[in-house]
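Engineer: Hey, dropping data-v4.txt in here, compact mmCIF, C-alpha atoms and all ligand atoms:
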```txt
# COMPACT_ATOMS: atom_id res chain seq x y z
CA MET B 1 -25.77 -74.34 33.47
CA THR B 2 -24.42 -74.17 29.96
CA ASP B 3 -27.66 -72.54 28.74
CA ASN B 4 -26.61 -69.24 30.28
CA ALA B 5 -23.09 -69.12 28.94
CA VAL B 6 -20.70 -66.25 29.54
CA THR B 7 -18.63 -64.99 26.63
CA ASP B 8 -15.41 -63.15 27.43
CA ASN B 9 -13.95 -60.49 25.22
CA ALA B 10 -10.48 -60.74 26.73
CA MET B 11 -8.93 -58.34 24.26
CA THR B 12 -11.25 -55.45 24.83
CA ASP B 13 -12.78 -56.20 28.26
CA ASP B 14 -13.70 -52.87 29.87
CA GLY B 15 -15.44 -54.38 32.94
CA SER B 16 -18.94 -53.94 31.58
CA TRP B 17 -21.54 -56.69 31.21
CA LEU B 18 -24.13 -57.22 28.54
CA ILE B 19 -27.00 -59.45 29.69
CA LYS B 20 -28.80 -60.70 26.60
CA GLY B 21 -32.28 -62.06 26.10
CA VAL B 22 -33.54 -61.46 29.64
CA THR B 23 -37.13 -60.62 30.61
CA VAL B 24 -37.83 -57.69 32.92
CA PRO B 25 -41.21 -58.34 34.55
CA ALA B 26 -43.61 -55.40 34.50
CA SER B 27 -46.70 -55.16 36.67
CA GLY B 28 -49.93 -56.31 35.11
CA LYS B 29 -48.15 -57.42 31.95
CA HIS B 30 -47.46 -60.83 30.51
CA GLY B 31 -45.39 -61.97 27.57
CA GLU B 32 -42.87 -59.12 27.78
CA GLU B 33 -40.29 -59.17 24.99
CA PRO B 34 -36.77 -60.18 26.01
CA VAL B 35 -34.30 -57.30 26.21
CA SER B 36 -30.61 -56.71 26.77
CA ILE B 37 -29.27 -54.95 29.86
CA LEU B 38 -25.91 -53.20 29.72
CA LEU B 39 -24.09 -52.74 33.03
CA GLY B 40 -21.13 -50.39 33.29
CA SER B 41 -19.45 -48.17 35.89
CA GLY B 42 -21.66 -49.51 38.68
CA SER B 43 -25.01 -48.86 37.08
CA ILE B 44 -27.41 -49.84 34.33
CA THR B 45 -26.31 -47.85 31.31
CA ALA B 46 -28.89 -49.09 28.82
CA ILE B 47 -31.85 -51.43 28.39
CA GLY B 48 -33.11 -52.24 24.94
CA PRO B 49 -33.97 -54.90 22.38
CA ASP B 50 -30.68 -55.08 20.46
CA LEU B 51 -27.81 -53.68 22.45
CA ASP B 52 -24.20 -54.18 21.57
CA HIS B 53 -21.05 -53.13 23.38
CA PRO B 54 -17.66 -54.31 22.10
CA GLY B 55 -15.85 -54.28 25.48
CA ALA B 56 -18.54 -56.13 27.43
CA ARG B 57 -18.57 -59.66 28.70
CA ILE B 58 -21.78 -61.23 27.44
CA LEU B 59 -24.14 -63.32 29.54
CA ASP B 60 -26.73 -65.22 27.55
CA ALA B 61 -29.78 -64.89 29.79
CA GLY B 62 -32.38 -66.55 27.57
CA GLY B 63 -35.28 -67.82 29.70
CA LEU B 64 -34.21 -65.80 32.74
CA ILE B 65 -35.98 -62.94 34.46
CA ALA B 66 -34.18 -59.91 35.90
CA LEU B 67 -35.25 -58.53 39.26
CA PRO B 68 -33.77 -55.56 41.11
CA GLY B 69 -31.24 -56.95 43.62
CA LEU B 70 -33.09 -58.44 46.58
CA VAL B 71 -32.99 -56.67 49.96
CA ASP B 72 -33.38 -58.54 53.26
CA LEU B 73 -34.65 -56.55 56.22
CA HIS B 74 -33.93 -59.33 58.70
CA THR B 75 -30.67 -61.30 58.69
CA HIS B 76 -28.72 -62.69 61.63
CA LEU B 77 -25.05 -62.62 60.59
CA ARG B 78 -23.94 -63.69 64.13
CA GLU B 79 -20.70 -61.71 64.03
CA PRO B 80 -19.34 -60.55 66.43
CA GLY B 81 -19.64 -63.33 68.98
CA ARG B 82 -21.03 -66.45 67.30
CA GLU B 83 -18.63 -66.98 64.45
CA ASP B 84 -19.14 -70.72 64.89
CA ALA B 85 -22.68 -70.25 63.47
CA GLU B 86 -22.03 -67.58 60.81
CA THR B 87 -19.69 -64.73 59.96
CA VAL B 88 -20.32 -61.59 57.94
CA GLN B 89 -18.25 -63.26 55.22
CA THR B 90 -20.24 -66.51 55.07
CA GLY B 91 -23.65 -64.95 55.69
CA THR B 92 -23.24 -62.38 52.93
CA ALA B 93 -21.93 -65.09 50.58
CA ALA B 94 -25.18 -66.98 51.25
CA ALA B 95 -27.06 -63.75 50.56
CA ALA B 96 -25.36 -63.31 47.17
CA LEU B 97 -26.20 -66.91 46.21
CA GLY B 98 -29.81 -66.22 47.17
CA GLY B 99 -29.99 -63.16 44.91
CA TYR B 100 -29.56 -60.52 47.63
CA THR B 101 -27.56 -57.34 47.15
CA ALA B 102 -28.23 -55.88 50.60
CA VAL B 103 -29.03 -57.29 54.02
CA HIS B 104 -29.92 -55.70 57.34
CA ALA B 105 -27.83 -57.32 60.07
CA MET B 106 -29.75 -57.81 63.30
CA ALA B 107 -28.35 -56.45 66.54
CA ASN B 108 -28.46 -59.55 68.79
CA THR B 109 -24.75 -60.26 68.47
CA ASP B 110 -22.19 -60.57 71.29
CA PRO B 111 -21.44 -57.83 72.10
CA VAL B 112 -24.87 -56.48 71.19
CA ALA B 113 -24.91 -53.87 68.41
CA ASP B 114 -26.02 -51.12 70.80
CA THR B 115 -23.17 -48.63 70.27
CA ALA B 116 -21.63 -46.76 67.34
CA GLY B 117 -18.51 -48.94 67.77
CA VAL B 118 -20.26 -52.25 67.18
CA VAL B 119 -22.49 -51.12 64.29
CA GLU B 120 -19.44 -49.60 62.56
CA GLN B 121 -17.53 -52.86 63.05
CA VAL B 122 -20.32 -54.86 61.36
CA TRP B 123 -20.64 -52.28 58.59
CA ARG B 124 -16.87 -52.44 57.88
CA LEU B 125 -16.84 -56.25 57.92
CA GLY B 126 -19.60 -56.11 55.29
CA ARG B 127 -17.60 -53.79 53.08
CA THR B 128 -14.52 -55.98 53.37
CA ALA B 129 -16.47 -59.15 52.51
CA GLY B 130 -17.95 -57.46 49.45
CA HIS B 131 -20.65 -60.03 48.66
CA CYS B 132 -23.51 -57.60 49.34
CA ASP B 133 -24.12 -54.37 51.20
CA VAL B 134 -24.52 -54.84 54.94
CA GLN B 135 -26.71 -52.34 56.76
CA PRO B 136 -26.44 -52.82 60.54
CA VAL B 137 -29.58 -52.64 62.66
CA GLY B 138 -29.05 -51.01 66.06
CA ALA B 139 -30.45 -52.33 69.32
CA VAL B 140 -33.34 -50.37 70.85
CA THR B 141 -32.24 -51.01 74.44
CA VAL B 142 -28.81 -51.44 76.03
CA GLY B 143 -27.79 -55.10 75.84
CA LEU B 144 -31.30 -55.95 74.53
CA ASN B 145 -32.30 -55.88 78.20
CA GLY B 146 -35.47 -53.90 77.66
CA VAL B 147 -34.58 -51.49 80.48
CA ARG B 148 -32.77 -48.46 79.10
CA LEU B 149 -32.72 -46.96 75.59
CA ALA B 150 -29.46 -47.52 73.70
CA GLU B 151 -27.62 -44.58 72.13
CA LEU B 152 -29.86 -44.46 69.07
CA GLY B 153 -28.63 -41.01 68.01
CA THR B 154 -24.93 -41.89 68.00
CA MET B 155 -25.64 -45.05 65.99
CA ALA B 156 -27.64 -42.95 63.53
CA ASP B 157 -24.76 -40.46 63.24
CA SER B 158 -22.09 -43.16 62.91
CA ALA B 159 -20.47 -44.25 59.65
CA ALA B 160 -23.02 -47.11 59.60
CA ARG B 161 -25.87 -44.56 59.33
CA VAL B 162 -28.30 -46.74 61.31
CA ARG B 163 -31.99 -46.04 60.66
CA VAL B 164 -33.61 -49.31 61.72
CA PHE B 165 -33.57 -50.24 65.40
CA SER B 166 -34.67 -53.55 66.86
CA ASP B 167 -34.22 -55.74 69.93
CA ASP B 168 -35.13 -58.67 67.66
CA GLY B 169 -34.89 -61.99 69.41
CA ARG B 170 -36.59 -60.15 72.24
CA CYS B 171 -39.61 -57.91 72.39
CA VAL B 172 -39.54 -54.31 73.62
CA SER B 173 -42.37 -55.20 75.95
CA ASP B 174 -42.36 -52.07 78.15
CA PRO B 175 -44.88 -49.71 76.49
CA LEU B 176 -43.19 -46.58 77.83
CA LEU B 177 -39.80 -47.61 76.42
CA MET B 178 -41.47 -48.43 73.10
CA ARG B 179 -43.08 -44.99 73.09
CA ARG B 180 -39.76 -43.27 73.87
CA ALA B 181 -37.97 -45.24 71.13
CA LEU B 182 -40.60 -44.25 68.57
CA GLU B 183 -40.32 -40.61 69.69
CA TYR B 184 -36.54 -40.67 69.48
CA VAL B 185 -36.22 -42.05 65.93
CA LYS B 186 -38.95 -39.75 64.62
CA ALA B 187 -36.42 -36.88 64.62
CA PHE B 188 -34.25 -38.53 61.95
CA GLY B 189 -36.84 -40.58 60.10
CA GLY B 190 -35.87 -43.90 61.66
CA VAL B 191 -38.04 -46.94 62.29
CA ILE B 192 -38.50 -49.31 65.22
CA ALA B 193 -38.70 -52.95 64.10
CA GLN B 194 -40.53 -54.90 66.76
CA HIS B 195 -40.28 -58.60 67.52
CA ALA B 196 -43.86 -58.80 68.80
CA GLN B 197 -43.98 -61.39 71.57
CA ASP B 198 -45.50 -60.86 74.98
CA PRO B 199 -42.89 -62.41 77.29
CA ARG B 200 -45.33 -63.44 80.01
CA LEU B 201 -47.71 -65.19 77.61
CA THR B 202 -44.84 -67.14 76.03
CA GLU B 203 -42.85 -68.26 79.09
CA GLY B 204 -41.45 -71.68 78.23
CA ALA B 205 -43.44 -71.75 74.97
CA GLN B 206 -42.22 -74.26 72.39
CA LEU B 207 -44.76 -74.52 69.57
CA ASN B 208 -47.89 -72.80 68.27
CA GLU B 209 -50.65 -73.25 70.86
CA GLY B 210 -53.24 -75.54 69.33
CA GLU B 211 -54.04 -79.11 68.42
CA MET B 212 -50.43 -79.90 67.57
CA SER B 213 -48.86 -78.58 70.78
CA ALA B 214 -51.50 -80.46 72.80
CA ARG B 215 -50.83 -83.69 70.90
CA LEU B 216 -47.05 -83.41 71.28
CA GLY B 217 -47.18 -82.24 74.89
CA LEU B 218 -45.17 -79.11 74.11
CA ALA B 219 -45.90 -75.80 75.86
CA GLY B 220 -48.16 -73.71 73.61
CA TRP B 221 -47.32 -70.34 72.07
CA PRO B 222 -50.61 -68.50 71.70
CA ALA B 223 -51.32 -66.25 68.72
CA VAL B 224 -52.55 -63.58 71.15
CA ALA B 225 -48.99 -63.17 72.51
CA GLU B 226 -48.02 -61.74 69.12
CA GLU B 227 -51.28 -60.01 68.24
CA ALA B 228 -51.64 -58.10 71.52
CA VAL B 229 -48.20 -56.52 71.15
CA ILE B 230 -48.81 -55.61 67.49
CA ALA B 231 -52.13 -53.94 68.37
CA ARG B 232 -50.52 -51.97 71.17
CA ASP B 233 -47.59 -50.90 69.01
CA CYS B 234 -49.83 -49.81 66.11
CA LEU B 235 -51.67 -47.57 68.57
CA LEU B 236 -48.38 -46.22 69.91
CA ALA B 237 -47.04 -45.56 66.39
CA ALA B 238 -50.23 -43.64 65.59
CA HIS B 239 -50.07 -41.72 68.87
CA VAL B 240 -46.42 -40.69 68.36
CA GLY B 241 -46.66 -40.36 64.56
CA SER B 242 -43.51 -42.40 64.12
CA ALA B 243 -42.70 -45.49 62.03
CA LEU B 244 -43.26 -49.01 63.33
CA HIS B 245 -42.16 -52.08 61.40
CA VAL B 246 -43.54 -55.44 62.53
CA CYS B 247 -41.04 -58.29 62.18
CA HIS B 248 -42.01 -61.82 61.05
CA VAL B 249 -45.82 -61.65 61.22
CA SER B 250 -46.98 -65.23 61.80
CA THR B 251 -50.74 -65.29 62.48
CA ALA B 252 -53.92 -64.48 60.58
CA GLY B 253 -54.97 -62.20 63.43
CA SER B 254 -51.76 -60.19 63.18
CA ALA B 255 -52.40 -59.58 59.48
CA GLU B 256 -55.92 -58.41 60.32
CA ILE B 257 -54.65 -55.91 62.91
CA ILE B 258 -52.07 -54.53 60.47
CA ARG B 259 -54.75 -54.22 57.78
CA TRP B 260 -56.83 -52.20 60.24
CA ALA B 261 -53.88 -49.97 61.22
CA LYS B 262 -53.07 -49.30 57.57
CA SER B 263 -56.71 -48.45 56.83
CA LYS B 264 -56.30 -45.64 59.36
CA GLY B 265 -53.27 -44.34 57.50
CA TRP B 266 -50.93 -45.12 60.39
CA PRO B 267 -47.16 -45.42 59.77
CA VAL B 268 -47.00 -49.21 60.08
CA THR B 269 -45.21 -51.73 57.85
CA ALA B 270 -44.73 -55.48 58.20
CA GLU B 271 -42.77 -58.46 56.95
CA VAL B 272 -43.36 -62.20 56.66
CA THR B 273 -40.72 -64.92 56.43
CA PRO B 274 -40.51 -67.52 53.64
CA HIS B 275 -41.01 -70.32 56.18
CA HIS B 276 -44.22 -68.80 57.52
CA LEU B 277 -45.49 -68.67 53.92
CA LEU B 278 -44.94 -72.37 53.32
CA LEU B 279 -44.64 -74.47 56.48
CA THR B 280 -47.08 -75.37 59.27
CA ASP B 281 -46.85 -76.70 62.83
CA GLU B 282 -47.80 -80.16 61.48
CA LEU B 283 -44.11 -80.54 60.64
CA ALA B 284 -43.30 -80.66 64.36
CA ALA B 285 -44.96 -84.09 64.57
CA GLY B 286 -41.58 -85.83 64.40
CA TYR B 287 -40.07 -83.56 67.09
CA ASP B 288 -37.34 -82.49 64.65
CA PRO B 289 -35.98 -79.17 66.04
CA VAL B 290 -35.10 -78.00 62.52
CA PHE B 291 -38.76 -76.86 62.57
CA LYS B 292 -38.37 -74.97 65.86
CA VAL B 293 -38.50 -71.24 65.24
CA ASN B 294 -39.54 -67.97 66.86
CA PRO B 295 -42.31 -67.05 66.17
CA PRO B 296 -43.41 -70.66 65.73
CA LEU B 297 -44.82 -72.27 62.59
CA ARG B 298 -48.59 -71.84 62.71
CA THR B 299 -51.59 -73.50 61.05
CA GLU B 300 -52.65 -73.90 57.43
CA ALA B 301 -55.28 -71.18 57.93
CA ASP B 302 -52.58 -68.78 59.12
CA VAL B 303 -50.37 -69.61 56.11
CA ALA B 304 -53.27 -68.96 53.72
CA GLU B 305 -54.01 -65.59 55.33
CA LEU B 306 -50.34 -64.53 55.39
CA ARG B 307 -50.13 -65.26 51.66
CA ARG B 308 -53.27 -63.21 51.01
CA ALA B 309 -51.95 -60.33 53.12
CA LEU B 310 -48.62 -60.32 51.27
CA ALA B 311 -50.46 -60.41 47.93
CA ASP B 312 -52.74 -57.46 48.78
CA GLY B 313 -49.87 -55.42 50.29
CA THR B 314 -51.08 -55.52 53.89
CA ILE B 315 -47.79 -57.24 54.62
CA ASP B 316 -45.23 -55.17 52.76
CA CYS B 317 -42.40 -57.56 52.21
CA VAL B 318 -40.66 -60.88 52.63
CA ALA B 319 -37.76 -60.94 55.11
CA THR B 320 -35.80 -64.12 55.75
CA ASP B 321 -35.06 -64.02 59.50
CA HIS B 322 -32.03 -66.09 58.44
CA ALA B 323 -30.99 -67.54 61.81
CA PRO B 324 -28.00 -69.87 61.54
CA HIS B 325 -27.13 -72.22 64.41
CA PRO B 326 -24.32 -74.74 64.83
CA VAL B 327 -25.27 -78.42 64.62
CA GLU B 328 -25.12 -79.00 68.39
CA ALA B 329 -27.66 -76.24 69.02
CA LYS B 330 -30.25 -77.85 66.73
CA GLU B 331 -29.56 -81.60 66.85
CA THR B 332 -30.78 -82.10 70.37
CA GLU B 333 -34.10 -82.54 72.16
CA TRP B 334 -36.85 -80.18 70.97
CA ALA B 335 -37.15 -78.38 74.30
CA GLU B 336 -33.38 -77.80 74.49
CA ALA B 337 -32.86 -76.78 70.84
CA ALA B 338 -32.28 -73.22 69.65
CA PHE B 339 -35.01 -71.30 67.80
CA GLY B 340 -34.30 -70.40 64.20
CA MET B 341 -33.82 -71.44 60.57
CA THR B 342 -31.52 -70.40 57.75
CA GLY B 343 -33.24 -68.84 54.76
CA LEU B 344 -31.12 -66.58 52.53
CA GLU B 345 -30.26 -69.21 49.93
CA THR B 346 -33.81 -70.53 49.48
CA ALA B 347 -36.04 -67.45 49.96
CA LEU B 348 -36.75 -66.67 46.32
CA ARG B 349 -37.52 -70.31 45.47
CA VAL B 350 -39.89 -70.57 48.43
CA VAL B 351 -41.63 -67.36 47.36
CA GLN B 352 -42.02 -68.77 43.85
CA ARG B 353 -43.66 -71.90 45.28
CA ALA B 354 -45.88 -70.09 47.80
CA MET B 355 -46.82 -66.94 45.88
CA VAL B 356 -46.07 -67.13 42.13
CA ASP B 357 -46.91 -70.74 41.30
CA THR B 358 -50.16 -70.27 43.25
CA GLY B 359 -51.09 -67.23 41.14
CA LEU B 360 -51.12 -64.85 44.12
CA LEU B 361 -48.25 -62.64 42.95
CA ASP B 362 -46.59 -62.04 39.58
CA TRP B 363 -42.84 -61.47 39.23
CA ALA B 364 -43.23 -57.70 39.26
CA GLY B 365 -44.98 -58.21 42.59
CA VAL B 366 -42.07 -60.29 43.84
CA ALA B 367 -39.66 -57.50 42.85
CA ASP B 368 -41.82 -55.09 44.86
CA ARG B 369 -42.05 -57.31 47.97
CA MET B 370 -38.44 -58.52 48.00
CA SER B 371 -36.55 -55.46 46.78
CA VAL B 372 -38.44 -52.19 46.34
CA ARG B 373 -40.40 -52.17 49.59
CA PRO B 374 -37.78 -53.64 51.93
CA ALA B 375 -35.25 -51.08 50.66
CA ARG B 376 -37.74 -48.30 51.34
CA ILE B 377 -38.63 -49.58 54.82
CA GLY B 378 -34.95 -50.13 55.60
CA ARG B 379 -34.06 -46.58 54.50
CA LEU B 380 -31.54 -47.90 51.97
CA PRO B 381 -31.18 -45.37 49.18
CA GLY B 382 -29.51 -46.92 46.14
CA HIS B 383 -31.24 -50.27 46.59
CA GLY B 384 -34.70 -51.42 45.54
CA THR B 385 -34.66 -49.28 42.41
CA PRO B 386 -36.68 -50.68 39.51
CA LEU B 387 -34.47 -51.71 36.60
CA ALA B 388 -34.04 -48.75 34.22
CA PRO B 389 -31.18 -46.87 32.59
CA GLY B 390 -29.36 -44.88 35.26
CA ALA B 391 -30.43 -47.17 38.10
CA PRO B 392 -27.74 -48.77 40.28
CA GLY B 393 -26.35 -52.00 38.85
CA HIS B 394 -27.92 -54.28 41.49
CA LEU B 395 -29.82 -57.13 39.92
CA THR B 396 -30.74 -60.77 40.27
CA LEU B 397 -31.06 -63.15 37.33
CA TYR B 398 -33.47 -65.96 38.08
CA ASP B 399 -34.64 -69.02 36.18
CA PRO B 400 -38.24 -69.66 37.22
CA ALA B 401 -38.50 -72.62 34.82
CA ALA B 402 -35.58 -74.53 36.32
CA PRO B 403 -36.91 -77.97 37.26
CA ALA B 404 -37.77 -78.38 40.94
CA GLU B 405 -34.79 -79.74 42.80
CA ALA B 406 -34.43 -80.99 46.35
CA VAL B 407 -32.83 -78.43 48.65
CA THR B 408 -29.43 -79.46 49.99
CA PRO B 409 -28.42 -78.06 53.37
CA ALA B 410 -24.84 -77.46 52.24
CA GLY B 411 -24.36 -73.94 50.91
CA ALA B 412 -22.32 -70.87 51.61
CA SER B 413 -23.81 -70.40 55.09
CA LYS B 414 -21.74 -71.88 57.91
CA SER B 415 -24.88 -73.49 59.31
CA ARG B 416 -27.10 -76.22 57.94
CA ASN B 417 -30.40 -75.66 59.77
CA THR B 418 -32.66 -75.26 56.76
CA PRO B 419 -36.21 -76.55 57.22
CA PHE B 420 -36.45 -77.03 53.44
CA ALA B 421 -33.76 -79.73 53.22
CA GLY B 422 -34.93 -82.50 50.92
CA MET B 423 -37.96 -80.49 49.84
CA GLU B 424 -38.32 -79.99 46.08
CA LEU B 425 -38.46 -76.30 45.26
CA PRO B 426 -38.72 -74.71 41.81
CA GLY B 427 -36.42 -72.13 40.30
CA ARG B 428 -32.76 -71.21 40.47
CA VAL B 429 -30.82 -68.03 41.18
CA VAL B 430 -28.41 -67.88 38.25
CA ALA B 431 -26.54 -64.63 38.93
CA THR B 432 -26.42 -61.63 41.23
CA PHE B 433 -24.83 -58.30 40.36
CA LEU B 434 -23.78 -55.67 42.89
CA ARG B 435 -22.86 -52.28 41.40
CA GLY B 436 -22.53 -53.90 38.00
CA VAL B 437 -20.14 -56.61 39.19
CA PRO B 438 -21.22 -60.26 39.60
CA THR B 439 -21.22 -61.60 43.17
CA ALA B 440 -22.78 -64.87 42.03
CA LEU B 441 -22.53 -66.39 38.58
CA ASP B 442 -23.93 -69.68 37.26
CA GLY B 443 -25.30 -70.34 40.75
CA LYS B 444 -21.86 -70.14 42.36
CA LEU B 445 -19.94 -67.38 44.11
CA ALA B 446 -18.31 -65.17 41.52
ZN ZN B 501 -37.40 -62.02 65.73
```
Could you take the file, read its structure, and then write that structure out as C-alpha cells?
Structural biologist:
Amino acid sequence: MTDNAVTDNAMTDDGSWLIKGVTVPASGKHGEEPVSILLGSGSITAIGPDLDHPGARILDAGGLIALPGLVDLHTHLREPGREDAETVQTGTAAAALGGYTAVHAMANTDPVADTAGVVEQVWRLGRTAGHCDVQPVGAVTVGLNGVRLAELGTMADSAARVRVFSDDGRCVSDPLLMRRALEYVKAFGGVIAQHAQDPRLTEGAQLNEGEMSARLGLAGWPAVAEEAVIARDCLLAAHVGSALHVCHVSTAGSAEIIRWAKSKGWPVTAEVTPHHLLLTDELAAGYDPVFKVNPPLRTEADVAELRRALADGTIDCVATDHAPHPVEAKETEWAEAAFGMTGLETALRVVQRAMVDTGLLDWAGVADRMSVRPARIGRLPGHGTPLAPGAPGHLTLYDPAAPAEAVTPAGASKSRNTPFAGMELPGRVVATFLRGVPTALDGKLA
C-alpha cells in the first residue's frame, strides 16, 4: 500500500525506525491524536507528537493504529514430526504476517514435547527462524497418554523455560493426574492449560450435538463434555491453589462456569478462538471438512455468549488454535477428515469483525485480549507491554479502515485449511516489529 510509504535515509541509517502519524488506542478514549513512535536498540525510545531522528527510516503510518505485538497462547507449529503441514519457519512467518510477535507452540508434535530435549529443540528452531518469539508448551503427561506425568520440572529448568503445560489435542481426563499436575507447577508459578473434553462423552463425535448434527446424521458432541471437565478443573484449581487455563472455550455454559469460578477469586483463566467468535455449526451443512474442528463450531447463541464473555473479561483472551493440516487430511469425507483450522493470518481481522465492528470491544480492549493478557497468562515477560517509552519494541501496525477483502487461503502457512476462505473480512495488518525490527512490512514478510 503506497499510503504507508517507507522512506530510507541510506546515508545515515542507524537501524532505528520512526513511525509517523499512528494512533495508539487508549481505553475509554476516542479521537486520540496521532503520534510518532521511535524504535531503536530493540525498544521504544520515544512517543510524542512531533518526533524527529535523522538516522531513522520513516514509516508513514497515517490512518493506522499501533497495538503491542500480539501474543498467541495456542499455536500448533507441527515441528518436529509433521513438517508436511507446517514448520517452525512457516508457522512463525504466518504469525508475523498476522501481527504476532510471540506464539506458544503446543506440545502435540512427534516426538511429543514432553522432555527438555524436545522443548529446547523447538525453542532453538524459533530463534533461528526469527519471525517471532517461540515459547514451547510442555506436555502434561508422557506421550500425551494421560497415564504418567511428564518431567515438568526439567522442562521448566531447561533453556526453553517452560511455564505452560498442556496435553492439548487430548484432555487430561484423570482427575488425580490433573490434581498432581496442578500441584507440581504451583512450585514454580506454572499453569496447566486444559483441553476440556470428556473422552467418553465424545467417542466418535463429529459435530456439535444439536439440530445440525441430527439433520446431517453426524455423531453429536455435547456441550456437557466440555462443561463438566471445566467445572471439575475449576474446583481442582481452587482446591490446590494453582493456576488453570482453559483452552478454546466453545459453549455458553463453559463461559458461565468460568464466570462463577472467577467470582470466587479462583486462579482460572480462559481463551476463545477467532473461529468460535464468528462461525456456527450451520456451516457444516455442506459437509465441507474445512469447518471440522475440535472443539466443534457451536450455535449462534453460543457465539453471542462467547463474545459477551470476552468483552466483560470472563474469557481473558483470544488464542488462535492455529492447526494446519495438509490437503489430503482435510479434502476427504467429513468423518475421515482431521480436526482443525489455520488462524494466525486472519485472527485480528476476525476479531475486528466479531468484537470491534459490533461495538463490544474497543481497540484498547483488543490490545488487552490479544497481547497484554495472553503474555501474562503465558508467563512471557517482555511481551504484552503497553506501548510506552522504554517498553520492548514489539508492535503491530493495523489498518482498521482497509476495505473488506475476501480471505485467500494462500499465505505464509504451509497449509490452506482456513475456514474464512472467500469470506470478506475488514482490516489489514500492515507491519509487525519484533525488538524494533520489522518482521512484516506492507503486509509482506520483511
Ligand atoms: Zn485443543
Engineer: Pick out the residues sitting within 6 Å of range 345-360 of chain B, and hand them over as a ChimeraX atom specification; count only C-alpha atoms, and ignore anything fewer than 3 positions along from it in its own chain.
Structural biologist: /B:94,97-98,274,311,426-427
Engineer: Check which residues fall inside 10 Å of ligand ZN 501 (chain B) when counting all atoms listed in the file, and print them as a ChimeraX atom specification.
Structural biologist: /B:74-76,106,108,166-171,193-197,246-249,293-295,321-323,339-340
Engineer: Find, counting all atoms listed in the file, the residue in B:Ala401, B:Ala219, B:Val240, B:Leu144 that gets nearest to Glu203 in chain B.
Structural biologist: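 Closest residue, counting all atoms listed in the file: B:Ala219.
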Engineer: For CA of Leu236 in chain B and CA of Thr154 in chain B, determine how far apart the two atoms are, in Å to one decimal place.
Structural biologist: 23.9 Å
Engineer: Excluding Ala95 in chain B and residues on its chain fewer than 5 positions from it, collect all residues at most 9 Å away from it, counting all atoms listed in the file, and give them as a PDB file with C-alpha atoms, in the frame of the given file.
Structural biologist:
```pdb
ATOM      1  CA  LEU B  70     -33.090 -58.440  46.580  1.00  0.00           C
ATOM      2  CA  ASP B  72     -33.380 -58.540  53.260  1.00  0.00           C
ATOM      3  CA  THR B  90     -20.240 -66.510  55.070  1.00  0.00           C
ATOM      4  CA  TYR B 100     -29.560 -60.520  47.630  1.00  0.00           C
ATOM      5  CA  THR B 101     -27.560 -57.340  47.150  1.00  0.00           C
ATOM      6  CA  ALA B 102     -28.230 -55.880  50.600  1.00  0.00           C
ATOM      7  CA  VAL B 103     -29.030 -57.290  54.020  1.00  0.00           C
ATOM      8  CA  HIS B 131     -20.650 -60.030  48.660  1.00  0.00           C
ATOM      9  CA  CYS B 132     -23.510 -57.600  49.340  1.00  0.00           C
ATOM     10  CA  LEU B 344     -31.120 -66.580  52.530  1.00  0.00           C
ATOM     11  CA  GLU B 345     -30.260 -69.210  49.930  1.00  0.00           C
ATOM     12  CA  ALA B 412     -22.320 -70.870  51.610  1.00  0.00           C
ATOM     13  CA  SER B 413     -23.810 -70.400  55.090  1.00  0.00           C
TER      14      SER B 413
END
```
Engineer: Counting only C-alpha atoms, which of B:Thr92, B:Ser173, B:Asn4, B:Asn417 gets nearest to Asp442 in chain B?
Structural biologist: B:Asn4
Engineer: From the set B:Gly210, B:Pro403, B:Pro389, B:Gly422, which residue has the shortest atom-to-atom contact distance to Thr45 in chain B, counting all atoms listed in the file?
Structural biologist: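 For Thr45 in chain B, the nearest of the given residues is B:Pro389.
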Engineer: Taking (-40.0, -48.8, 54.0) in the file's coordinates as the center, which residues reach within 12 Å of it, counting all atoms listed in the file, put as an mmCIF file with C-alpha atoms, in the coordinates of the input?
Structural biologist:
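out_19.cif, freshly written:
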```cif
data_model
loop_
_atom_site.group_PDB
_atom_site.id
_atom_site.type_symbol
_atom_site.label_atom_id
_atom_site.label_comp_id
_atom_site.auth_asym_id
_atom_site.auth_seq_id
_atom_site.Cartn_x
_atom_site.Cartn_y
_atom_site.Cartn_z
ATOM 1 C CA VAL B 71 -32.990 -56.670 49.960
ATOM 2 C CA ASP B 72 -33.380 -58.540 53.260
ATOM 3 C CA LEU B 73 -34.650 -56.550 56.220
ATOM 4 C CA ARG B 163 -31.990 -46.040 60.660
ATOM 5 C CA VAL B 164 -33.610 -49.310 61.720
ATOM 6 C CA GLY B 189 -36.840 -40.580 60.100
ATOM 7 C CA GLY B 190 -35.870 -43.900 61.660
ATOM 8 C CA VAL B 191 -38.040 -46.940 62.290
ATOM 9 C CA ILE B 192 -38.500 -49.310 65.220
ATOM 10 C CA ALA B 193 -38.700 -52.950 64.100
ATOM 11 C CA ALA B 243 -42.700 -45.490 62.030
ATOM 12 C CA LEU B 244 -43.260 -49.010 63.330
ATOM 13 C CA HIS B 245 -42.160 -52.080 61.400
ATOM 14 C CA VAL B 246 -43.540 -55.440 62.530
ATOM 15 C CA PRO B 267 -47.160 -45.420 59.770
ATOM 16 C CA VAL B 268 -47.000 -49.210 60.080
ATOM 17 C CA THR B 269 -45.210 -51.730 57.850
ATOM 18 C CA ALA B 270 -44.730 -55.480 58.200
ATOM 19 C CA GLU B 271 -42.770 -58.460 56.950
ATOM 20 C CA ILE B 315 -47.790 -57.240 54.620
ATOM 21 C CA ASP B 316 -45.230 -55.170 52.760
ATOM 22 C CA CYS B 317 -42.400 -57.560 52.210
ATOM 23 C CA ASP B 368 -41.820 -55.090 44.860
ATOM 24 C CA ARG B 369 -42.050 -57.310 47.970
ATOM 25 C CA MET B 370 -38.440 -58.520 48.000
ATOM 26 C CA SER B 371 -36.550 -55.460 46.780
ATOM 27 C CA VAL B 372 -38.440 -52.190 46.340
ATOM 28 C CA ARG B 373 -40.400 -52.170 49.590
ATOM 29 C CA PRO B 374 -37.780 -53.640 51.930
ATOM 30 C CA ALA B 375 -35.250 -51.080 50.660
ATOM 31 C CA ARG B 376 -37.740 -48.300 51.340
ATOM 32 C CA ILE B 377 -38.630 -49.580 54.820
ATOM 33 C CA GLY B 378 -34.950 -50.130 55.600
ATOM 34 C CA ARG B 379 -34.060 -46.580 54.500
ATOM 35 C CA LEU B 380 -31.540 -47.900 51.970
ATOM 36 C CA PRO B 381 -31.180 -45.370 49.180
ATOM 37 C CA HIS B 383 -31.240 -50.270 46.590
ATOM 38 C CA GLY B 384 -34.700 -51.420 45.540
#
```
